[in-house]
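Scroll down for the structure; my scribbles are underneath it.
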Amino acid sequence: MIAFSSSTDLGPALAFIGVGLLVLGAVAGITIWRGRRRGSTTLVMDVALTLAGWWVSLGLIGLTINVVNLISGNGGFEAGASVNMPWPAGVPCDSDWDAADPALLCGSGSLESAYVLNSSIGIRLLVALSQVCTTALTLVPAVLIGVVCFQTLRGRPFAQTIVRALYAGSIIVLVLGIVAGLLPEISGVLALREAVPQESELYPMTFQLGLSLPAIGGALALAVLAAVFRQGTRLEQERAQLQNEKAALEKDTEGLV
């Protein structure tokens with residue numbers, strides 16, 4: 001899930017989400033209005049193509065700003081790794097699992113969103129690479145939607161371009177999904193090790209790495225979809241060939257008559 005709104009109160013946070021949805025609705029509404037004025041019969045494709053373009057544009061703008069700030073050292077960044085920490089003194093907790101009232105369970109906790117300042121250029125570059133991979137992964141669906149819509153609007157719903165784009169998207173999702181799942185943990189641990197003394201209880205001792213199952217599943221789904229479109233392309237080519245043969249036969253028959 002992408003963090004879009006943050007507020008201490010629920011109302012303003014939901015209101016901000018509502019504003020974002022209204023903006024998307026306005027863009028879709030304007031696209032539909034323009035399509036109807038032109039007499040378009042592909043309004044869904046028009047809206048999808050427009051929103052995909054906005055999706056890619058805003059993603060690239062945000063990524064550029066974040067990467068420039070990271071490399072220039074303007075401010076810090078949120079480490080993508082968590083560190084174990086002892087239970088803070090003075091924080092009430094309950095060690096009884098059968099407690100009747102709501103309470104925090106006593107024990108060790110973890111710091112999930114440590115903000116790191118003044119990291120070395122190597123760490124900042126690694127974090128920037130992590131953000132590039134993560135953003136690129138979120139933009140893959142928008143690019144594929146744009147390709148499918150563009151080719152369909154041109155009257156080529158089973159073009160080889162779509163098949164190639166889906167196969168390429170499958171590989172990109174697999175690679176970026178795995179890398180985007182590993183780099184935040186690696187860069188976060190390295191950043192925390194640089195910022196925290198080794199003798200501290202907050203010093204991260206291990207890397208907690210794993211494969212991204214959603215990335216593997218998404219890559220497999222795109223590969224299957226590409227195979228379906230490839231089959232559609234083959235059937236369309238066979239139908240066009242049969243129509244050409246039929247037309248040629250009719251022409252030869254007319255000549256004999």
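We label chains A, B, ... in the order they appear in the structure tokens, count residues from 1 in each chain, and number ligands from 1 in the order shown.
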
Can you list, as a PDB file with N, CA and C atoms, in the first residue's frame, every residue of stretch 18-235 of chain A that DSSP puts in strand (DSSP E)?
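For reference, states_14.pdb as written:
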```pdb
ATOM      1  N   PHE A  77      16.284  10.010   5.353  1.00  0.00           N
ATOM      2  CA  PHE A  77      15.373   9.050   4.737  1.00  0.00           C
ATOM      3  C   PHE A  77      14.945   8.048   5.793  1.00  0.00           C
ATOM      4  N   GLU A  78      13.851   7.388   5.508  1.00  0.00           N
ATOM      5  CA  GLU A  78      13.328   6.383   6.424  1.00  0.00           C
ATOM      6  C   GLU A  78      13.966   5.041   6.104  1.00  0.00           C
ATOM      7  N   VAL A  83      14.602  -2.452  13.774  1.00  0.00           N
ATOM      8  CA  VAL A  83      15.600  -2.843  14.773  1.00  0.00           C
ATOM      9  C   VAL A  83      14.876  -3.248  16.057  1.00  0.00           C
ATOM     10  N   ASN A  84      15.357  -4.329  16.663  1.00  0.00           N
ATOM     11  CA  ASN A  84      14.795  -4.769  17.932  1.00  0.00           C
ATOM     12  C   ASN A  84      15.244  -3.837  19.045  1.00  0.00           C
ATOM     13  N   MET A  85      14.351  -3.556  19.949  1.00  0.00           N
ATOM     14  CA  MET A  85      14.681  -2.669  21.048  1.00  0.00           C
ATOM     15  C   MET A  85      13.984  -3.165  22.316  1.00  0.00           C
ATOM     16  N   GLY A 109      10.287  -4.970  21.680  1.00  0.00           N
ATOM     17  CA  GLY A 109       9.557  -4.405  20.556  1.00  0.00           C
ATOM     18  C   GLY A 109      10.493  -4.150  19.391  1.00  0.00           C
ATOM     19  N   SER A 110      10.021  -3.437  18.417  1.00  0.00           N
ATOM     20  CA  SER A 110      10.852  -3.120  17.264  1.00  0.00           C
ATOM     21  C   SER A 110      10.550  -1.706  16.794  1.00  0.00           C
ATOM     22  N   LEU A 111      11.587  -1.057  16.308  1.00  0.00           N
ATOM     23  CA  LEU A 111      11.462   0.288  15.740  1.00  0.00           C
ATOM     24  C   LEU A 111      11.356   0.136  14.225  1.00  0.00           C
ATOM     25  N   TYR A 115      14.279   7.154  11.178  1.00  0.00           N
ATOM     26  CA  TYR A 115      14.656   8.170  10.198  1.00  0.00           C
ATOM     27  C   TYR A 115      16.132   8.470  10.372  1.00  0.00           C
ATOM     28  N   VAL A 116      16.895   8.270   9.308  1.00  0.00           N
ATOM     29  CA  VAL A 116      18.349   8.364   9.374  1.00  0.00           C
ATOM     30  C   VAL A 116      18.811   9.653   8.705  1.00  0.00           C
TER      31      VAL A 116
END
```

How close does stretch 171-200 of chain A get to stretch 220-225 of chain A? List, as JSON lines, each residue of stretch 171-200 of chain A within 12 Å, its nearest atom pair and the distance in Å to one decimal, counting only C-alpha atoms.
```
{"residue": "A:Ile171", "atom": "CA", "partner": "A:Ala223", "partner_atom": "CA", "distance": 8.4}
{"residue": "A:Ile172", "atom": "CA", "partner": "A:Leu222", "partner_atom": "CA", "distance": 10.3}
{"residue": "A:Val173", "atom": "CA", "partner": "A:Leu222", "partner_atom": "CA", "distance": 8.8}
{"residue": "A:Leu174", "atom": "CA", "partner": "A:Leu220", "partner_atom": "CA", "distance": 8.4}
```

Could you write those residues out with N, CA and C atoms, as an mmCIF file, in the first residue's frame?
```cif
data_model
loop_
_atom_site.group_PDB
_atom_site.id
_atom_site.type_symbol
_atom_site.label_atom_id
_atom_site.label_comp_id
_atom_site.auth_asym_id
_atom_site.auth_seq_id
_atom_site.Cartn_x
_atom_site.Cartn_y
_atom_site.Cartn_z
ATOM 1 N N ILE A 171 9.078 -10.267 -17.050
ATOM 2 C CA ILE A 171 10.474 -10.340 -16.611
ATOM 3 C C ILE A 171 10.822 -9.167 -15.701
ATOM 4 N N ILE A 172 10.351 -7.966 -16.079
ATOM 5 C CA ILE A 172 10.649 -6.771 -15.280
ATOM 6 C C ILE A 172 10.036 -6.873 -13.889
ATOM 7 N N VAL A 173 8.779 -7.337 -13.810
ATOM 8 C CA VAL A 173 8.124 -7.478 -12.506
ATOM 9 C C VAL A 173 8.869 -8.485 -11.643
ATOM 10 N N LEU A 174 9.314 -9.594 -12.245
ATOM 11 C CA LEU A 174 10.044 -10.606 -11.477
ATOM 12 C C LEU A 174 11.351 -10.034 -10.926
#
```

Within 10 Å of stretch 230-245 of chain A, which residues of stretch 100-160 of chain A show up? Give each one with its shortest atom-to-atom distance in Å (one decimal) and the two atoms involved, counting only C-alpha atoms, rows by chain then rising residue number, as CSV.
```
residue,atom,partner,partner_atom,distance
A:Arg156,CA,A:Thr233,CA,9.5
A:Pro157,CA,A:Thr233,CA,8.5
A:Phe158,CA,A:Thr233,CA,4.9
A:Ala159,CA,A:Thr233,CA,6.5
A:Gln160,CA,A:Thr233,CA,7.1
```

request  = Name the closest residue to A:Arg164 among the candidates A:Ala226, A:Leu125, A:Leu21, A:Ile186; distances are taken between atoms, counting only C-alpha atoms.
outcome  = A:Ala226

query = Using the chain letters and numbers from this document, which residues of stretch 19-182 of chain A does DSSP assign to helix (DSSP H, G or I), as a PyMOL selection string?
reply = chain A and resi 19-38+43-72+121-153+160-182

Taking C-alpha atoms for each residue, export the selection above as an mmCIF file, in the first residue's frame.
```cif
data_model
loop_
_atom_site.group_PDB
_atom_site.id
_atom_site.type_symbol
_atom_site.label_atom_id
_atom_site.label_comp_id
_atom_site.auth_asym_id
_atom_site.auth_seq_id
_atom_site.Cartn_x
_atom_site.Cartn_y
_atom_site.Cartn_z
ATOM 1 C CA VAL A 19 -9.567 14.820 -2.514
ATOM 2 C CA GLY A 20 -7.264 12.444 -4.359
ATOM 3 C CA LEU A 21 -10.216 10.348 -5.515
ATOM 4 C CA LEU A 22 -12.030 13.498 -6.629
ATOM 5 C CA VAL A 23 -9.029 14.524 -8.726
ATOM 6 C CA LEU A 24 -8.971 11.103 -10.384
ATOM 7 C CA GLY A 25 -12.707 11.317 -10.934
ATOM 8 C CA ALA A 26 -12.354 14.777 -12.466
ATOM 9 C CA VAL A 27 -9.671 13.564 -14.890
ATOM 10 C CA ALA A 28 -11.843 10.594 -15.854
ATOM 11 C CA GLY A 29 -14.910 12.838 -16.220
ATOM 12 C CA ILE A 30 -13.120 15.308 -18.489
ATOM 13 C CA THR A 31 -11.817 12.438 -20.618
ATOM 14 C CA ILE A 32 -15.332 10.975 -20.965
ATOM 15 C CA TRP A 33 -16.784 14.397 -21.810
ATOM 16 C CA ARG A 34 -14.196 14.996 -24.515
ATOM 17 C CA GLY A 35 -14.697 11.477 -25.857
ATOM 18 C CA ARG A 36 -18.452 11.945 -26.145
ATOM 19 C CA ARG A 37 -17.997 15.237 -27.964
ATOM 20 C CA ARG A 38 -15.833 13.405 -30.505
ATOM 21 C CA LEU A 43 -14.586 5.623 -23.566
ATOM 22 C CA VAL A 44 -13.229 2.970 -21.197
ATOM 23 C CA MET A 45 -10.013 2.704 -23.206
ATOM 24 C CA ASP A 46 -9.758 6.491 -23.395
ATOM 25 C CA VAL A 47 -10.078 6.839 -19.611
ATOM 26 C CA ALA A 48 -7.646 4.006 -18.912
ATOM 27 C CA LEU A 49 -5.045 5.451 -21.288
ATOM 28 C CA THR A 50 -5.356 8.934 -19.771
ATOM 29 C CA LEU A 51 -5.113 7.712 -16.178
ATOM 30 C CA ALA A 52 -2.140 5.514 -17.083
ATOM 31 C CA GLY A 53 -0.371 8.559 -18.498
ATOM 32 C CA TRP A 54 -1.043 10.551 -15.318
ATOM 33 C CA TRP A 55 0.086 7.591 -13.225
ATOM 34 C CA VAL A 56 3.431 7.356 -15.007
ATOM 35 C CA SER A 57 3.990 11.128 -15.085
ATOM 36 C CA LEU A 58 3.305 11.708 -11.382
ATOM 37 C CA GLY A 59 5.358 8.661 -10.431
ATOM 38 C CA LEU A 60 8.372 9.872 -12.395
ATOM 39 C CA ILE A 61 8.087 13.398 -10.984
ATOM 40 C CA GLY A 62 7.932 12.120 -7.406
ATOM 41 C CA LEU A 63 10.803 9.708 -8.011
ATOM 42 C CA THR A 64 12.984 12.449 -9.502
ATOM 43 C CA ILE A 65 12.407 14.727 -6.507
ATOM 44 C CA ASN A 66 13.169 11.960 -4.002
ATOM 45 C CA VAL A 67 16.326 10.797 -5.785
ATOM 46 C CA VAL A 68 17.683 14.345 -6.132
ATOM 47 C CA ASN A 69 17.071 15.003 -2.424
ATOM 48 C CA LEU A 70 18.738 11.723 -1.460
ATOM 49 C CA ILE A 71 21.851 12.176 -3.568
ATOM 50 C CA SER A 72 22.255 15.827 -2.609
ATOM 51 C CA ILE A 121 26.957 8.854 -0.188
ATOM 52 C CA GLY A 122 27.178 5.094 -0.736
ATOM 53 C CA ILE A 123 24.199 4.444 1.554
ATOM 54 C CA ARG A 124 22.193 7.252 -0.045
ATOM 55 C CA LEU A 125 22.865 5.873 -3.526
ATOM 56 C CA LEU A 126 21.730 2.432 -2.386
ATOM 57 C CA VAL A 127 18.533 3.916 -0.934
ATOM 58 C CA ALA A 128 17.991 5.878 -4.154
ATOM 59 C CA LEU A 129 18.392 2.671 -6.176
ATOM 60 C CA SER A 130 15.880 1.002 -3.883
ATOM 61 C CA GLN A 131 13.365 3.787 -4.499
ATOM 62 C CA VAL A 132 13.968 3.624 -8.263
ATOM 63 C CA CYS A 133 13.242 -0.112 -8.298
ATOM 64 C CA THR A 134 10.165 0.252 -6.097
ATOM 65 C CA THR A 135 8.727 3.119 -8.151
ATOM 66 C CA ALA A 136 9.498 1.381 -11.439
ATOM 67 C CA LEU A 137 7.680 -1.694 -10.166
ATOM 68 C CA THR A 138 4.564 0.376 -9.403
ATOM 69 C CA LEU A 139 4.707 1.968 -12.879
ATOM 70 C CA VAL A 140 4.834 -1.321 -14.802
ATOM 71 C CA PRO A 141 1.021 -1.831 -14.670
ATOM 72 C CA ALA A 142 0.435 1.709 -15.947
ATOM 73 C CA VAL A 143 2.851 1.225 -18.850
ATOM 74 C CA LEU A 144 1.256 -2.099 -19.821
ATOM 75 C CA ILE A 145 -2.238 -0.604 -19.604
ATOM 76 C CA GLY A 146 -1.080 2.234 -21.828
ATOM 77 C CA VAL A 147 0.379 -0.163 -24.418
ATOM 78 C CA VAL A 148 -2.748 -2.347 -24.507
ATOM 79 C CA CYS A 149 -5.097 0.641 -24.744
ATOM 80 C CA PHE A 150 -3.017 2.407 -27.406
ATOM 81 C CA GLN A 151 -2.813 -0.658 -29.651
ATOM 82 C CA THR A 152 -6.502 -1.464 -29.140
ATOM 83 C CA LEU A 153 -7.540 2.075 -30.047
ATOM 84 C CA GLN A 160 2.731 -8.446 -31.455
ATOM 85 C CA THR A 161 3.690 -5.266 -29.596
ATOM 86 C CA ILE A 162 1.259 -6.163 -26.792
ATOM 87 C CA VAL A 163 2.604 -9.723 -26.572
ATOM 88 C CA ARG A 164 6.203 -8.493 -26.375
ATOM 89 C CA ALA A 165 5.251 -5.835 -23.811
ATOM 90 C CA LEU A 166 3.534 -8.419 -21.586
ATOM 91 C CA TYR A 167 6.466 -10.822 -21.749
ATOM 92 C CA ALA A 168 8.883 -7.964 -21.028
ATOM 93 C CA GLY A 169 6.635 -6.801 -18.190
ATOM 94 C CA SER A 170 6.681 -10.314 -16.725
ATOM 95 C CA ILE A 171 10.474 -10.340 -16.611
ATOM 96 C CA ILE A 172 10.649 -6.771 -15.280
ATOM 97 C CA VAL A 173 8.124 -7.478 -12.506
ATOM 98 C CA LEU A 174 10.044 -10.606 -11.477
ATOM 99 C CA VAL A 175 13.439 -8.864 -11.380
ATOM 100 C CA LEU A 176 12.287 -5.563 -9.899
ATOM 101 C CA GLY A 177 9.990 -7.314 -7.431
ATOM 102 C CA ILE A 178 12.834 -9.394 -6.036
ATOM 103 C CA VAL A 179 15.295 -6.488 -6.010
ATOM 104 C CA ALA A 180 12.747 -4.065 -4.522
ATOM 105 C CA GLY A 181 12.085 -6.595 -1.775
ATOM 106 C CA LEU A 182 15.764 -6.983 -0.910
#
```

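The space between atom CA of A:Gly107 and atom CA of A:Glu201 spans 14.4 Å.
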
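Taking only C-alpha atoms, the non-local environment of A:Leu105 within 8 Å (same-chain residues fewer than 6 positions away omitted) comprises Cys93, Asp94, Ser95, Asp96 and Trp97 of chain A.
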
Keeping N, CA, C and O atoms, export the residues of the selection given above as an mmCIF file, in the first residue's frame.
```
data_model
loop_
_atom_site.group_PDB
_atom_site.id
_atom_site.type_symbol
_atom_site.label_atom_id
_atom_site.label_comp_id
_atom_site.auth_asym_id
_atom_site.auth_seq_id
_atom_site.Cartn_x
_atom_site.Cartn_y
_atom_site.Cartn_z
ATOM 1 N N CYS A 93 2.541 -2.074 30.615
ATOM 2 C CA CYS A 93 2.301 -3.293 29.856
ATOM 3 C C CYS A 93 1.781 -4.363 30.797
ATOM 4 O O CYS A 93 1.809 -4.203 32.028
ATOM 5 N N ASP A 94 1.322 -5.451 30.231
ATOM 6 C CA ASP A 94 0.749 -6.544 31.029
ATOM 7 C C ASP A 94 1.351 -7.841 30.535
ATOM 8 O O ASP A 94 1.379 -8.115 29.335
ATOM 9 N N SER A 95 1.852 -8.645 31.446
ATOM 10 C CA SER A 95 2.442 -9.931 31.082
ATOM 11 C C SER A 95 1.439 -11.071 31.146
ATOM 12 O O SER A 95 1.777 -12.219 30.852
ATOM 13 N N ASP A 96 0.210 -10.766 31.515
ATOM 14 C CA ASP A 96 -0.823 -11.791 31.650
ATOM 15 C C ASP A 96 -1.592 -11.904 30.325
ATOM 16 O O ASP A 96 -2.247 -10.961 29.893
ATOM 17 N N TRP A 97 -1.494 -13.064 29.671
ATOM 18 C CA TRP A 97 -2.181 -13.277 28.409
ATOM 19 C C TRP A 97 -3.705 -13.275 28.577
ATOM 20 O O TRP A 97 -4.435 -13.085 27.616
#
```

Atom CA of A:Ala114 to atom CA of A:Ala79, distance in Å rounded to a single decimal = 5.6 Å

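Using only C-alpha atoms, the shortest contact distance between A:Pro184 and any of A:Ile17, A:Leu202, A:Val91, A:Ala81 is found at A:Ala81.
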
Of the listed residues A:Gly18, A:Gly217, A:Pro204, A:Pro197, that which approaches A:Glu185 most closely, counting only C-alpha atoms = A:Pro204

request  = Enter the distance from atom CA of A:Ala215 to atom CA of A:Ser187, in Å, rounded to one decimal.
outcome  = 19.8 Å
